[in-house]
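Heads up, start26.cif below (mmCIF, C-alpha atoms and all ligand atoms):
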```
data_start
#
loop_
_atom_site.label_atom_id
_atom_site.label_comp_id
_atom_site.auth_asym_id
_atom_site.auth_seq_id
_atom_site.Cartn_x
_atom_site.Cartn_y
_atom_site.Cartn_z
CA MET A 1440 37.62 32.79 2.23
CA ASN A 1441 36.86 35.00 5.24
CA LEU A 1442 34.41 37.91 5.24
CA ILE A 1443 37.03 40.65 4.74
CA ALA A 1444 38.67 38.81 1.83
CA SER A 1445 35.26 38.21 0.21
CA ALA A 1446 34.23 41.83 0.71
CA LYS A 1447 37.48 43.12 -0.79
CA ARG A 1448 36.96 40.95 -3.86
CA GLY A 1449 33.46 42.30 -4.34
CA ILE A 1450 31.72 39.11 -3.18
CA VAL A 1451 28.49 39.59 -1.20
CA THR A 1452 28.15 36.64 1.20
CA GLU A 1453 24.92 35.30 2.74
CA GLU A 1454 25.85 36.99 6.04
CA MET A 1455 26.16 40.37 4.29
CA LYS A 1456 22.79 39.84 2.57
CA THR A 1457 21.16 39.05 5.92
CA VAL A 1458 22.58 42.18 7.56
CA ALA A 1459 21.46 44.31 4.61
CA ARG A 1460 17.91 42.94 4.95
CA GLN A 1461 17.83 43.44 8.73
CA GLU A 1462 19.11 46.98 8.54
CA GLY A 1463 17.32 48.25 5.44
CA VAL A 1464 20.58 49.13 3.65
CA THR A 1465 22.01 47.87 0.39
CA GLU A 1466 24.10 44.72 0.21
CA ASP A 1467 26.93 46.74 -1.27
CA PHE A 1468 26.84 49.14 1.68
CA VAL A 1469 27.48 46.22 4.03
CA ARG A 1470 30.14 44.71 1.76
CA ARG A 1471 32.00 48.01 1.52
CA GLY A 1472 31.74 48.54 5.27
CA ILE A 1473 33.38 45.17 5.90
CA ALA A 1474 36.05 45.73 3.25
CA GLU A 1475 36.95 49.09 4.81
CA GLY A 1476 36.82 47.81 8.41
CA HIS A 1477 33.81 49.94 9.40
CA ILE A 1478 31.42 47.01 9.85
CA VAL A 1479 31.89 43.55 11.39
CA ILE A 1480 29.68 40.47 11.46
CA PRO A 1481 30.87 38.17 14.27
CA ILE A 1482 30.58 34.60 12.98
CA SER A 1483 32.23 31.28 13.74
CA PRO A 1484 33.02 28.27 11.53
CA TYR A 1485 32.11 26.08 14.52
CA ARG A 1486 28.63 27.34 15.28
CA GLU A 1487 25.57 28.80 13.52
CA VAL A 1488 24.44 32.07 15.11
CA LYS A 1489 21.83 34.73 14.67
CA ILE A 1490 23.57 37.11 12.27
CA CYS A 1491 24.26 40.56 13.68
CA GLY A 1492 26.08 43.40 11.91
CA ILE A 1493 27.90 45.98 14.01
CA GLY A 1494 29.26 49.27 12.74
CA GLU A 1495 28.80 52.43 10.73
CA GLY A 1496 25.34 53.08 9.33
CA LEU A 1497 23.76 50.15 11.21
CA HIS A 1498 21.48 50.14 14.26
CA THR A 1499 23.30 50.40 17.59
CA LYS A 1500 23.67 46.91 19.05
CA VAL A 1501 23.45 45.85 22.70
CA ASN A 1502 25.66 43.32 24.43
CA ALA A 1503 24.77 41.60 27.71
CA SER A 1504 27.71 40.33 29.76
CA ILE A 1505 27.05 37.43 32.11
CA GLY A 1506 29.26 34.98 33.99
CA THR A 1507 30.03 33.51 37.39
CA SER A 1508 32.33 34.89 40.09
CA THR A 1509 34.38 33.16 42.79
CA ASP A 1510 31.50 33.80 45.23
CA ILE A 1511 28.55 32.80 43.03
CA ALA A 1512 29.26 30.06 40.51
CA ASP A 1513 25.91 28.56 39.50
CA ILE A 1514 25.81 27.15 35.95
CA GLU A 1515 22.01 26.93 35.84
CA MET A 1516 21.75 30.58 36.82
CA GLU A 1517 24.12 31.56 34.00
CA VAL A 1518 22.10 29.56 31.49
CA LYS A 1519 18.98 31.34 32.76
CA LYS A 1520 20.75 34.70 32.38
CA ALA A 1521 21.69 33.84 28.79
CA ARG A 1522 18.05 33.05 28.02
CA MET A 1523 16.81 36.16 29.83
CA ALA A 1524 19.23 38.37 27.90
CA GLU A 1525 18.07 36.90 24.60
CA ARG A 1526 14.39 37.25 25.59
CA ALA A 1527 15.00 40.90 26.51
CA GLY A 1528 16.39 41.52 23.02
CA ALA A 1529 20.17 41.59 23.49
CA ASP A 1530 22.07 41.38 20.21
CA THR A 1531 25.14 39.59 21.60
CA LEU A 1532 26.22 37.91 24.81
CA MET A 1533 29.57 37.92 26.56
CA GLU A 1534 30.39 34.98 28.84
CA LEU A 1535 32.83 36.30 31.44
CA SER A 1536 32.91 33.63 34.14
CA THR A 1537 35.70 33.64 36.69
CA GLY A 1538 34.34 31.03 39.14
CA GLY A 1539 33.56 27.30 38.84
CA ASP A 1540 34.27 25.11 35.80
CA LEU A 1541 35.03 27.82 33.23
CA VAL A 1542 35.03 25.51 30.19
CA GLU A 1543 31.76 23.78 31.12
CA ILE A 1544 29.97 27.05 31.93
CA ARG A 1545 30.94 28.55 28.56
CA LYS A 1546 29.87 25.38 26.76
CA ARG A 1547 26.44 25.43 28.43
CA VAL A 1548 25.93 29.12 27.74
CA VAL A 1549 26.95 28.75 24.09
CA GLU A 1550 24.47 25.85 23.76
CA ALA A 1551 21.71 27.89 25.42
CA THR A 1552 21.74 30.83 23.02
CA ALA A 1553 21.49 31.59 19.32
CA LEU A 1554 23.32 34.89 19.83
CA SER A 1555 26.95 35.58 18.99
CA VAL A 1556 28.99 34.91 22.12
CA GLY A 1557 32.08 36.82 23.20
CA SER A 1558 34.72 35.87 25.75
CA VAL A 1559 37.87 37.16 27.40
CA PRO A 1560 40.38 34.30 27.07
CA LEU A 1561 42.92 35.83 29.42
CA TYR A 1562 40.51 35.34 32.36
CA GLN A 1563 40.77 31.58 31.97
CA ALA A 1564 44.55 31.67 31.43
CA PHE A 1565 45.17 33.74 34.56
CA ILE A 1566 42.64 31.89 36.71
CA GLU A 1567 44.02 28.47 35.74
CA ALA A 1568 47.49 29.74 36.72
CA ALA A 1569 46.15 30.98 40.06
CA ARG A 1570 44.45 27.63 40.73
CA LYS A 1571 47.45 25.55 39.69
CA ASP A 1572 50.43 27.65 40.76
CA GLY A 1573 48.98 29.90 43.43
CA ALA A 1574 48.92 33.31 41.69
CA VAL A 1575 47.88 34.93 38.40
CA VAL A 1576 51.44 36.17 37.89
CA HIS A 1577 52.49 32.56 37.13
CA MET A 1578 50.44 32.50 33.93
CA ARG A 1579 52.43 30.96 31.04
CA GLU A 1580 52.31 32.76 27.70
CA ASP A 1581 51.79 29.53 25.75
CA ASP A 1582 48.71 28.79 27.85
CA LEU A 1583 47.24 32.16 26.99
CA PHE A 1584 47.44 31.47 23.24
CA ARG A 1585 46.37 27.82 23.65
CA ILE A 1586 43.26 28.86 25.58
CA THR A 1587 42.46 31.54 23.01
CA ALA A 1588 42.45 28.90 20.25
CA GLU A 1589 40.43 26.46 22.39
CA GLN A 1590 37.76 29.06 23.14
CA ALA A 1591 37.55 29.88 19.43
CA LYS A 1592 37.04 26.20 18.59
CA ALA A 1593 34.32 26.02 21.23
CA GLY A 1594 32.27 28.48 19.14
CA THR A 1595 33.21 31.90 20.53
CA ASN A 1596 32.42 34.56 17.93
CA PHE A 1597 34.31 37.53 19.31
CA MET A 1598 36.96 37.99 21.96
CA ALA A 1599 37.95 40.95 24.08
CA ILE A 1600 41.75 40.93 24.04
CA HIS A 1601 43.83 43.36 26.06
CA THR A 1602 46.36 44.26 23.38
CA GLY A 1603 46.89 47.93 24.26
CA ILE A 1604 48.56 47.48 27.65
CA ASN A 1605 52.34 47.73 27.35
CA PHE A 1606 55.04 49.31 29.52
CA VAL A 1607 54.39 52.73 27.98
CA THR A 1608 50.71 52.47 28.95
CA LEU A 1609 51.65 51.41 32.48
CA ASP A 1610 54.08 54.35 32.83
CA ARG A 1611 51.31 56.71 31.81
CA LEU A 1612 48.98 55.08 34.35
CA LYS A 1613 51.57 55.31 37.15
CA ASN A 1614 52.47 58.95 36.42
CA GLN A 1615 48.86 59.99 35.94
CA GLY A 1616 47.55 59.06 39.38
CA ARG A 1617 43.89 58.11 39.57
CA HIS A 1618 40.86 58.82 41.74
CA GLY A 1619 39.21 55.46 41.01
CA GLY A 1620 42.14 53.09 40.41
CA LEU A 1621 42.06 50.36 37.78
CA VAL A 1622 38.75 48.50 37.45
CA SER A 1623 39.23 46.20 34.46
CA ARG A 1624 39.84 42.61 35.63
CA GLY A 1625 41.79 41.84 32.45
CA GLY A 1626 43.76 45.06 32.86
CA ALA A 1627 44.54 44.26 36.48
CA PHE A 1628 45.65 40.66 35.73
CA MET A 1629 47.90 41.77 32.89
CA THR A 1630 49.37 44.70 34.83
CA ALA A 1631 50.25 42.45 37.78
CA TRP A 1632 51.77 39.83 35.45
CA MET A 1633 53.90 42.36 33.56
CA LEU A 1634 55.21 44.09 36.68
CA HIS A 1635 55.90 40.84 38.54
CA ASN A 1636 57.69 39.18 35.61
CA GLN A 1637 59.11 42.39 34.13
CA LYS A 1638 57.94 41.16 30.73
CA GLU A 1639 55.99 42.82 27.96
CA ASN A 1640 52.31 41.89 27.51
CA PRO A 1641 52.43 38.86 25.16
CA LEU A 1642 49.20 39.97 23.49
CA TYR A 1643 51.09 43.08 22.39
CA SER A 1644 54.57 41.62 21.76
CA GLU A 1645 53.19 38.50 19.99
CA PHE A 1646 50.40 40.31 18.21
CA GLU A 1647 51.11 38.64 14.84
CA TYR A 1648 50.74 35.21 16.46
CA LEU A 1649 47.47 36.30 18.04
CA LEU A 1650 46.24 37.42 14.61
CA GLU A 1651 47.09 34.02 13.13
CA ILE A 1652 44.83 32.37 15.71
CA MET A 1653 42.03 34.90 15.16
CA LYS A 1654 42.24 34.46 11.40
CA GLU A 1655 42.42 30.69 11.46
CA HIS A 1656 39.24 30.45 13.56
CA GLU A 1657 37.47 33.52 12.09
CA VAL A 1658 37.07 35.18 15.47
CA THR A 1659 36.27 38.89 15.59
CA LEU A 1660 38.86 40.73 17.66
CA SER A 1661 37.48 43.20 20.19
CA MET A 1662 40.39 45.27 21.42
CA GLY A 1663 39.97 45.48 25.18
CA ASN A 1664 39.86 48.61 27.24
CA GLY A 1665 41.92 47.56 30.28
CA MET A 1666 42.79 51.15 31.23
CA ARG A 1667 39.23 52.45 31.21
CA ALA A 1668 38.32 54.86 33.94
CA GLY A 1669 36.38 53.44 36.88
CA ALA A 1670 35.39 56.90 38.08
CA VAL A 1671 34.17 59.92 36.13
CA HIS A 1672 37.09 61.97 37.50
CA ASP A 1673 39.52 59.68 35.62
CA ALA A 1674 37.73 59.81 32.26
CA THR A 1675 39.77 60.57 29.14
CA ASP A 1676 43.06 60.47 31.06
CA ARG A 1677 46.50 59.77 29.59
CA ALA A 1678 46.47 56.04 30.36
CA GLN A 1679 43.13 55.57 28.59
CA ILE A 1680 44.27 57.56 25.55
CA GLN A 1681 47.64 55.78 25.43
CA GLU A 1682 45.90 52.40 25.30
CA LEU A 1683 43.50 53.68 22.66
CA LEU A 1684 46.35 54.86 20.42
CA ILE A 1685 48.11 51.49 20.65
CA ASN A 1686 44.86 49.65 19.97
CA ALA A 1687 44.12 51.93 17.01
CA GLU A 1688 47.45 51.10 15.37
CA LEU A 1689 47.03 47.39 16.05
CA ALA A 1690 43.44 47.53 14.75
CA ASP A 1691 44.71 48.69 11.35
CA ARG A 1692 47.17 45.77 11.28
CA SER A 1693 44.44 43.38 12.36
CA HIS A 1694 42.08 44.49 9.59
CA ALA A 1695 44.90 44.34 7.03
CA ALA A 1696 45.54 40.75 8.13
CA GLY A 1697 41.90 39.86 7.43
CA VAL A 1698 40.66 39.83 11.03
CA GLN A 1699 37.40 41.64 11.73
CA THR A 1700 38.09 44.19 14.46
CA ILE A 1701 36.15 46.20 17.03
CA VAL A 1702 37.77 48.71 19.41
CA GLU A 1703 36.41 49.05 22.95
CA GLY A 1704 36.04 52.33 24.82
CA PRO A 1705 35.32 53.49 28.36
CA GLY A 1706 33.89 53.20 31.04
CA HIS A 1707 32.89 56.11 33.26
CA ILE A 1708 32.60 59.45 31.40
CA PRO A 1709 30.93 62.71 32.45
CA ILE A 1710 28.26 63.68 30.00
CA ASP A 1711 30.19 66.61 28.50
CA GLU A 1712 33.14 64.38 27.50
CA ILE A 1713 31.16 61.71 25.65
CA GLU A 1714 31.09 63.45 22.27
CA ALA A 1715 34.86 64.05 22.37
CA ASN A 1716 35.49 60.41 23.26
CA VAL A 1717 33.41 59.15 20.35
CA ILE A 1718 34.96 61.53 17.82
CA LEU A 1719 38.48 60.77 19.05
CA GLN A 1720 37.98 57.02 19.05
CA LYS A 1721 36.40 56.96 15.60
CA ARG A 1722 39.07 59.27 14.20
CA VAL A 1723 42.16 57.46 15.48
CA THR A 1724 40.82 53.97 14.67
CA ASN A 1725 39.94 54.97 11.10
CA GLY A 1726 36.26 54.31 11.73
CA LYS A 1727 36.46 50.84 13.29
CA PRO A 1728 33.26 49.76 15.07
CA PHE A 1729 33.24 51.39 18.50
CA TYR A 1730 32.17 49.23 21.44
CA MET A 1731 31.25 51.54 24.30
CA LEU A 1732 31.17 49.99 27.78
CA GLY A 1733 28.31 51.84 29.42
CA PRO A 1734 29.35 54.58 29.83
CA LEU A 1735 28.34 55.61 33.33
CA VAL A 1736 27.86 59.35 33.58
CA THR A 1737 27.88 59.66 37.39
CA ASP A 1738 29.32 57.55 40.19
CA ILE A 1739 26.77 58.23 42.92
CA ALA A 1740 23.76 56.12 41.95
CA PRO A 1741 24.57 52.51 42.94
CA GLY A 1742 21.45 50.39 42.53
CA TYR A 1743 20.43 52.41 39.45
CA ASP A 1744 23.50 52.05 37.28
CA ASP A 1745 21.49 50.56 34.39
CA ARG A 1746 19.77 53.96 34.11
CA VAL A 1747 23.01 55.89 34.62
CA ALA A 1748 24.60 53.91 31.80
CA ALA A 1749 21.53 54.31 29.60
CA ILE A 1750 21.96 58.08 29.70
CA GLY A 1751 25.59 57.69 28.62
CA ALA A 1752 24.78 55.04 26.04
CA ALA A 1753 22.04 57.14 24.41
CA LEU A 1754 24.46 60.02 23.95
CA SER A 1755 27.29 57.74 22.81
CA SER A 1756 25.07 56.13 20.23
CA SER A 1757 23.78 59.49 18.99
CA TYR A 1758 27.39 60.64 18.45
CA GLY A 1759 28.34 57.46 16.58
CA ALA A 1760 29.12 54.57 18.97
CA ASP A 1761 28.07 51.31 17.30
CA PHE A 1762 27.87 48.75 20.06
CA ILE A 1763 26.88 49.22 23.71
CA CYS A 1764 27.71 46.96 26.61
CA TYR A 1765 24.78 47.00 29.00
CA VAL A 1766 25.04 47.70 32.72
CA THR A 1767 22.70 46.10 35.27
CA PRO A 1768 21.17 47.73 38.38
CA SER A 1769 23.55 45.69 40.55
CA GLU A 1770 26.75 47.00 38.93
CA HIS A 1771 29.39 47.85 41.57
CA LEU A 1772 27.33 45.97 44.21
CA ALA A 1773 26.91 42.30 43.32
CA LEU A 1774 26.75 39.69 40.57
CA PRO A 1775 23.46 40.34 38.72
CA THR A 1776 20.45 38.04 38.92
CA PRO A 1777 18.68 36.86 35.75
CA GLU A 1778 15.97 39.48 36.40
CA GLU A 1779 18.59 42.23 36.66
CA VAL A 1780 20.14 41.01 33.40
CA PHE A 1781 16.71 41.45 31.81
CA GLU A 1782 16.38 44.98 33.23
CA GLY A 1783 19.88 45.91 32.06
CA VAL A 1784 19.21 44.80 28.50
CA ILE A 1785 15.93 46.72 28.33
CA SER A 1786 17.59 49.91 29.66
CA SER A 1787 20.35 49.54 27.08
CA ARG A 1788 17.93 48.87 24.24
CA ILE A 1789 16.04 52.05 25.12
CA ALA A 1790 19.35 53.95 25.03
CA ALA A 1791 20.37 52.40 21.71
CA HIS A 1792 17.03 53.35 20.19
CA VAL A 1793 17.24 56.92 21.50
CA GLY A 1794 20.72 57.20 19.98
CA ASP A 1795 19.55 55.75 16.66
CA MET A 1796 16.77 58.35 16.46
CA VAL A 1797 19.57 60.88 16.05
CA LYS A 1798 22.35 58.84 14.43
CA LEU A 1799 20.14 57.14 11.83
CA GLY A 1800 17.08 59.39 11.98
CA LYS A 1801 14.98 56.34 12.94
CA ARG A 1802 11.75 57.83 14.27
CA GLU A 1803 9.05 55.71 12.62
CA ALA A 1804 8.29 53.67 15.75
CA ASP A 1805 7.91 56.82 17.84
CA GLN A 1806 5.54 58.28 15.28
CA GLU A 1807 3.51 55.07 15.35
CA MET A 1808 3.36 55.22 19.16
CA GLY A 1809 2.19 58.86 19.00
CA HIS A 1810 -0.67 57.87 16.70
CA ALA A 1811 -1.58 54.84 18.81
CA ARG A 1812 -1.71 56.96 21.99
CA ARG A 1813 -3.74 59.69 20.29
CA ASP A 1814 -6.21 57.04 19.08
CA LEU A 1815 -6.30 55.34 22.52
CA ASP A 1816 -5.40 52.12 20.70
CA TRP A 1817 -3.85 50.08 23.47
CA GLU A 1818 -2.96 46.98 21.43
CA ARG A 1819 -1.06 49.11 18.92
CA GLN A 1820 0.79 50.77 21.79
CA PHE A 1821 1.87 47.39 23.16
CA ALA A 1822 2.96 46.26 19.70
CA VAL A 1823 5.35 49.21 19.36
CA ALA A 1824 6.62 49.11 22.98
CA ILE A 1825 10.21 48.04 23.66
CA ASN A 1826 8.90 45.75 26.41
CA PRO A 1827 5.23 44.98 25.63
CA GLU A 1828 4.92 42.52 28.53
CA ARG A 1829 5.67 45.16 31.14
CA ALA A 1830 3.42 47.77 29.53
CA ARG A 1831 0.53 45.30 29.31
CA ALA A 1832 1.04 44.08 32.89
CA ILE A 1833 0.98 47.61 34.39
CA ARG A 1834 -2.21 48.50 32.57
CA LYS A 1835 -3.90 45.22 33.45
CA GLU A 1836 -3.06 45.63 37.13
CA ARG A 1837 -4.87 48.99 37.32
CA MET A 1838 -7.67 48.90 34.71
CA PRO A 1839 -9.90 51.98 34.38
CA ALA A 1840 -13.72 52.03 34.48
CA ASP A 1841 -13.71 53.29 30.88
CA ALA A 1842 -11.57 50.84 28.88
CA ASP A 1843 -10.59 53.54 26.35
CA THR A 1844 -8.69 55.52 28.95
CA CYS A 1845 -6.27 54.69 31.76
CA THR A 1846 -6.36 55.27 35.51
CA MET A 1847 -3.99 58.23 35.25
CA CYS A 1848 -6.78 60.72 34.39
CA GLY A 1849 -9.84 58.42 34.17
CA ASP A 1850 -12.97 60.45 33.25
CA TYR A 1851 -10.81 63.45 32.50
CA CYS A 1852 -8.71 61.74 29.82
CA ALA A 1853 -7.39 64.68 27.81
CA LEU A 1854 -7.11 62.66 24.62
CA LYS A 1855 -10.67 61.38 24.80
CA ILE A 1856 -12.08 64.85 25.53
CA VAL A 1857 -10.31 66.51 22.62
CA ASN A 1858 -10.83 63.57 20.21
CA ARG A 1859 -14.59 64.39 20.35
CA TYR A 1860 -13.93 67.77 18.79
CA PHE A 1861 -10.92 67.25 16.53
CA LYS A 1862 -10.15 64.65 13.90
CA PHE A 1863 -6.34 64.64 13.84
S1 LIG B 1 -6.16 58.95 30.86
FE1 LIG B 1 -4.59 60.53 30.77
S2 LIG B 1 -2.66 59.36 30.71
FE2 LIG B 1 -4.30 57.90 30.27
S3 LIG B 1 -4.48 57.87 28.05
FE3 LIG B 1 -5.90 59.47 28.72
S4 LIG B 1 -4.71 61.37 28.68
FE4 LIG B 1 -3.22 59.67 28.59
#
```
Can you present the structure in this file as structure tokens?
Amino acid sequence: MNLIASAKRGIVTEEMKTVARQEGVTEDFVRRGIAEGHIVIPISPYREVKICGIGEGLHTKVNASIGTSTDIADIEMEVKKARMAERAGADTLMELSTGGDLVEIRKRVVEATALSVGSVPLYQAFIEAARKDGAVVHMREDDLFRITAEQAKAGTNFMAIHTGINFVTLDRLKNQGRHGGLVSRGGAFMTAWMLHNQKENPLYSEFEYLLEIMKEHEVTLSMGNGMRAGAVHDATDRAQIQELLINAELADRSHAAGVQTIVEGPGHIPIDEIEANVILQKRVTNGKPFYMLGPLVTDIAPGYDDRVAAIGAALSSSYGADFICYVTPSEHLALPTPEEVFEGVISSRIAAHVGDMVKLGKREADQEMGHARRDLDWERQFAVAINPERARAIRKERMPADADTCTMCGDYCALKIVNRYFKF
């Protein structure tokens, strides 16, 4: 029996118990969330993973996307990225390779991590068609579904599937006009295939068949955001909203069929449109877990996009987004290095925590840090820090003459001066 069926029958599974313990909520809260489609736990019958609950009332989770490209296809580097992401505290990993031996790379990454792994099966289907028949537009529909099942059997826990792109969506995109074009690889592949073949997106027209595969292999369906804006000037446009509405309707069918479902969102969003995007998405999907990609709140800071996305992610999380896809400093410029993956995860974790301080009222760690700083207790500060290694290394590199203080103010340490007079 799958998780939704168990939850609906009132059965609390081991996975639900684990999430309840991790999150400090009741087991019944998690069970009800799964039964109602507000919480998912991506699992796989083919692979044991570190259990991670995503959705309403739970901590905001962080995903790190890795994967090769046609220019840089180094398996060892991807394995290193997977380990770096896990070490930095990512909650899930997406393997999005488009270069090299796609099956082997995914296998090695899945073996290298205990985290839930996500994939985008249409990448492999389109790329195999391009390699074999010369262009992505020659992709065969049967191959798309075959590869989806194969990736599930290889231990993929969740899959981003571009279900919301149909001819209505494409009409909206064409009539809308855009400043930043179409930036989703999956969206671009599917758009080209549909227009070239004048055929409906099989992931939309054969949705019931897709659900059978998802259900059989207990894969969590993450409804892809192929129309997301790639520039803040295109945020919340008609094409994005059209795709969201289709995905929202399909998400209800998916949950009713017993398939755990997440709905993805944009993208690039100016800061004053984030709240509306979260409310709209949550409302039309009937509270399905919301997977926010970024979002980037300005387009003019290449080299710092992890920070740009962290601003957007903190706000998104505070308004109710449940799951954040990290962005690395090399976004829009190059394939990230393992070190940049680490940086991206840390930036996203900071954002998720900042959001949770509002969304869940989680402020205990900040209070603890305030006390540790007041007491000049450096070990306690490192223990609470999101990245203790970095904090410790910076201090060690520039140690003060008086070990109580730091080299910022040295002899004139405000805390030390006042601590002589006040017992807080
Ligand atoms: S020296 Fe200045 S910055 Fe450092 S702990 Fe004291 S008050 Fe804070």
Protein and nucleic residues near ligand LIG 1 (chain B), 7 Å, only C-alpha atoms and all ligand atoms, as an MDAnalysis selection string: chainID A and resid 1812 1815 1844:1849 1851:1855
Expected file contents, prior selection, C-alpha atoms, as a CSV table (one decimal), in the coordinates of the input:
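Result written to out-v6.csv:
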```
chain,number,residue,atom,x,y,z
A,1812,ARG,CA,-1.7,57.0,22.0
A,1815,LEU,CA,-6.3,55.3,22.5
A,1844,THR,CA,-8.7,55.5,29.0
A,1845,CYS,CA,-6.3,54.7,31.8
A,1846,THR,CA,-6.4,55.3,35.5
A,1847,MET,CA,-4.0,58.2,35.2
A,1848,CYS,CA,-6.8,60.7,34.4
A,1849,GLY,CA,-9.8,58.4,34.2
A,1851,TYR,CA,-10.8,63.4,32.5
A,1852,CYS,CA,-8.7,61.7,29.8
A,1853,ALA,CA,-7.4,64.7,27.8
A,1854,LEU,CA,-7.1,62.7,24.6
A,1855,LYS,CA,-10.7,61.4,24.8
```
Hey, could you make a per-residue contact list for region 1478-1574 of chain A against region 1746-1760 of chain A with 12 Å as the cut-off, showing the nearest pair of atoms and its distance in Å to one decimal, counting only C-alpha atoms, sorted by chain and number, as JSON lines?
```
{"residue": "A:Ile1493", "atom": "CA", "partner": "A:Ala1760", "partner_atom": "CA", "distance": 10.0}
{"residue": "A:Gly1494", "atom": "CA", "partner": "A:Ala1760", "partner_atom": "CA", "distance": 8.2}
{"residue": "A:Glu1495", "atom": "CA", "partner": "A:Gly1759", "partner_atom": "CA", "distance": 7.7}
{"residue": "A:Gly1496", "atom": "CA", "partner": "A:Gly1759", "partner_atom": "CA", "distance": 9.0}
{"residue": "A:Leu1497", "atom": "CA", "partner": "A:Gly1759", "partner_atom": "CA", "distance": 10.2}
{"residue": "A:His1498", "atom": "CA", "partner": "A:Ser1756", "partner_atom": "CA", "distance": 9.2}
{"residue": "A:Thr1499", "atom": "CA", "partner": "A:Ser1756", "partner_atom": "CA", "distance": 6.6}
{"residue": "A:Lys1500", "atom": "CA", "partner": "A:Ser1756", "partner_atom": "CA", "distance": 9.4}
{"residue": "A:Val1501", "atom": "CA", "partner": "A:Ala1752", "partner_atom": "CA", "distance": 9.9}
{"residue": "A:Asn1502", "atom": "CA", "partner": "A:Ala1752", "partner_atom": "CA", "distance": 11.9}
```
Spatial neighbours of Ile1480 (chain A), 9 Å, only C-alpha atoms, chain gap at least 6 places, as a list in words: Leu1442, Glu1454, Met1455, Val1458, Ile1473, Ile1490, Cys1491, Gly1492, Ile1493, Gly1494, Thr1659 and Gln1699 of chain A
Test item: which residues lie within 9 Å of (31.3, 33.5, 30.9) counting all atoms listed in the file, as a PyMOL selection string: chain A and resi 1504-1507+1517+1533-1537+1541-1542+1544-1545+1548+1557-1559
Dump as a PDB file, in the coordinates of the input, selection limited to C-alpha atoms:
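That gives us out-v4.pdb:
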```
ATOM      1  CA  SER A1504      27.710  40.330  29.760  1.00  0.00           C
ATOM      2  CA  ILE A1505      27.050  37.430  32.110  1.00  0.00           C
ATOM      3  CA  GLY A1506      29.260  34.980  33.990  1.00  0.00           C
ATOM      4  CA  THR A1507      30.030  33.510  37.390  1.00  0.00           C
ATOM      5  CA  GLU A1517      24.120  31.560  34.000  1.00  0.00           C
ATOM      6  CA  MET A1533      29.570  37.920  26.560  1.00  0.00           C
ATOM      7  CA  GLU A1534      30.390  34.980  28.840  1.00  0.00           C
ATOM      8  CA  LEU A1535      32.830  36.300  31.440  1.00  0.00           C
ATOM      9  CA  SER A1536      32.910  33.630  34.140  1.00  0.00           C
ATOM     10  CA  THR A1537      35.700  33.640  36.690  1.00  0.00           C
ATOM     11  CA  LEU A1541      35.030  27.820  33.230  1.00  0.00           C
ATOM     12  CA  VAL A1542      35.030  25.510  30.190  1.00  0.00           C
ATOM     13  CA  ILE A1544      29.970  27.050  31.930  1.00  0.00           C
ATOM     14  CA  ARG A1545      30.940  28.550  28.560  1.00  0.00           C
ATOM     15  CA  VAL A1548      25.930  29.120  27.740  1.00  0.00           C
ATOM     16  CA  GLY A1557      32.080  36.820  23.200  1.00  0.00           C
ATOM     17  CA  SER A1558      34.720  35.870  25.750  1.00  0.00           C
ATOM     18  CA  VAL A1559      37.870  37.160  27.400  1.00  0.00           C
TER      19      VAL A1559
END
```
Spatial neighbours of Ala1830 (chain A), 10 Å, only C-alpha atoms, chain gap at least 6 places, as a list of chain:residue names: A:Trp1817, A:Gln1820, A:Phe1821, A:Ala1822, A:Ala1824
Contacts of Thr1675 (chain A) at 8 Å (all atoms listed in the file; same-chain gap of 3+ positions) as an NGL selection string: :A and (1668 or 1679-1680 or 1708 or 1712 or 1716)
Atomic distance CA of Ile1482 (chain A) - CA of Ser1555 (chain A), expressed in Å with one decimal: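 That distance, rounded to one decimal, is 7.1 Å.
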Who sits within 12 Å of Met1653 (chain A), only C-alpha atoms, same chain under 2 positions skipped, as a CSV table (one decimal) with C-alpha atoms, keeping the file's coordinate frame:
```csv
chain,number,residue,atom,x,y,z
A,1441,ASN,CA,36.9,35.0,5.2
A,1481,PRO,CA,30.9,38.2,14.3
A,1482,ILE,CA,30.6,34.6,13.0
A,1483,SER,CA,32.2,31.3,13.7
A,1484,PRO,CA,33.0,28.3,11.5
A,1584,PHE,CA,47.4,31.5,23.2
A,1585,ARG,CA,46.4,27.8,23.6
A,1587,THR,CA,42.5,31.5,23.0
A,1588,ALA,CA,42.4,28.9,20.2
A,1589,GLU,CA,40.4,26.5,22.4
A,1590,GLN,CA,37.8,29.1,23.1
A,1591,ALA,CA,37.6,29.9,19.4
A,1592,LYS,CA,37.0,26.2,18.6
A,1595,THR,CA,33.2,31.9,20.5
A,1596,ASN,CA,32.4,34.6,17.9
A,1597,PHE,CA,34.3,37.5,19.3
A,1598,MET,CA,37.0,38.0,22.0
A,1599,ALA,CA,38.0,41.0,24.1
A,1600,ILE,CA,41.8,40.9,24.0
A,1646,PHE,CA,50.4,40.3,18.2
A,1647,GLU,CA,51.1,38.6,14.8
A,1648,TYR,CA,50.7,35.2,16.5
A,1649,LEU,CA,47.5,36.3,18.0
A,1650,LEU,CA,46.2,37.4,14.6
A,1651,GLU,CA,47.1,34.0,13.1
A,1655,GLU,CA,42.4,30.7,11.5
A,1656,HIS,CA,39.2,30.4,13.6
A,1657,GLU,CA,37.5,33.5,12.1
A,1658,VAL,CA,37.1,35.2,15.5
A,1659,THR,CA,36.3,38.9,15.6
A,1660,LEU,CA,38.9,40.7,17.7
A,1661,SER,CA,37.5,43.2,20.2
A,1693,SER,CA,44.4,43.4,12.4
A,1694,HIS,CA,42.1,44.5,9.6
A,1696,ALA,CA,45.5,40.8,8.1
A,1697,GLY,CA,41.9,39.9,7.4
A,1698,VAL,CA,40.7,39.8,11.0
A,1699,GLN,CA,37.4,41.6,11.7
A,1700,THR,CA,38.1,44.2,14.5
```
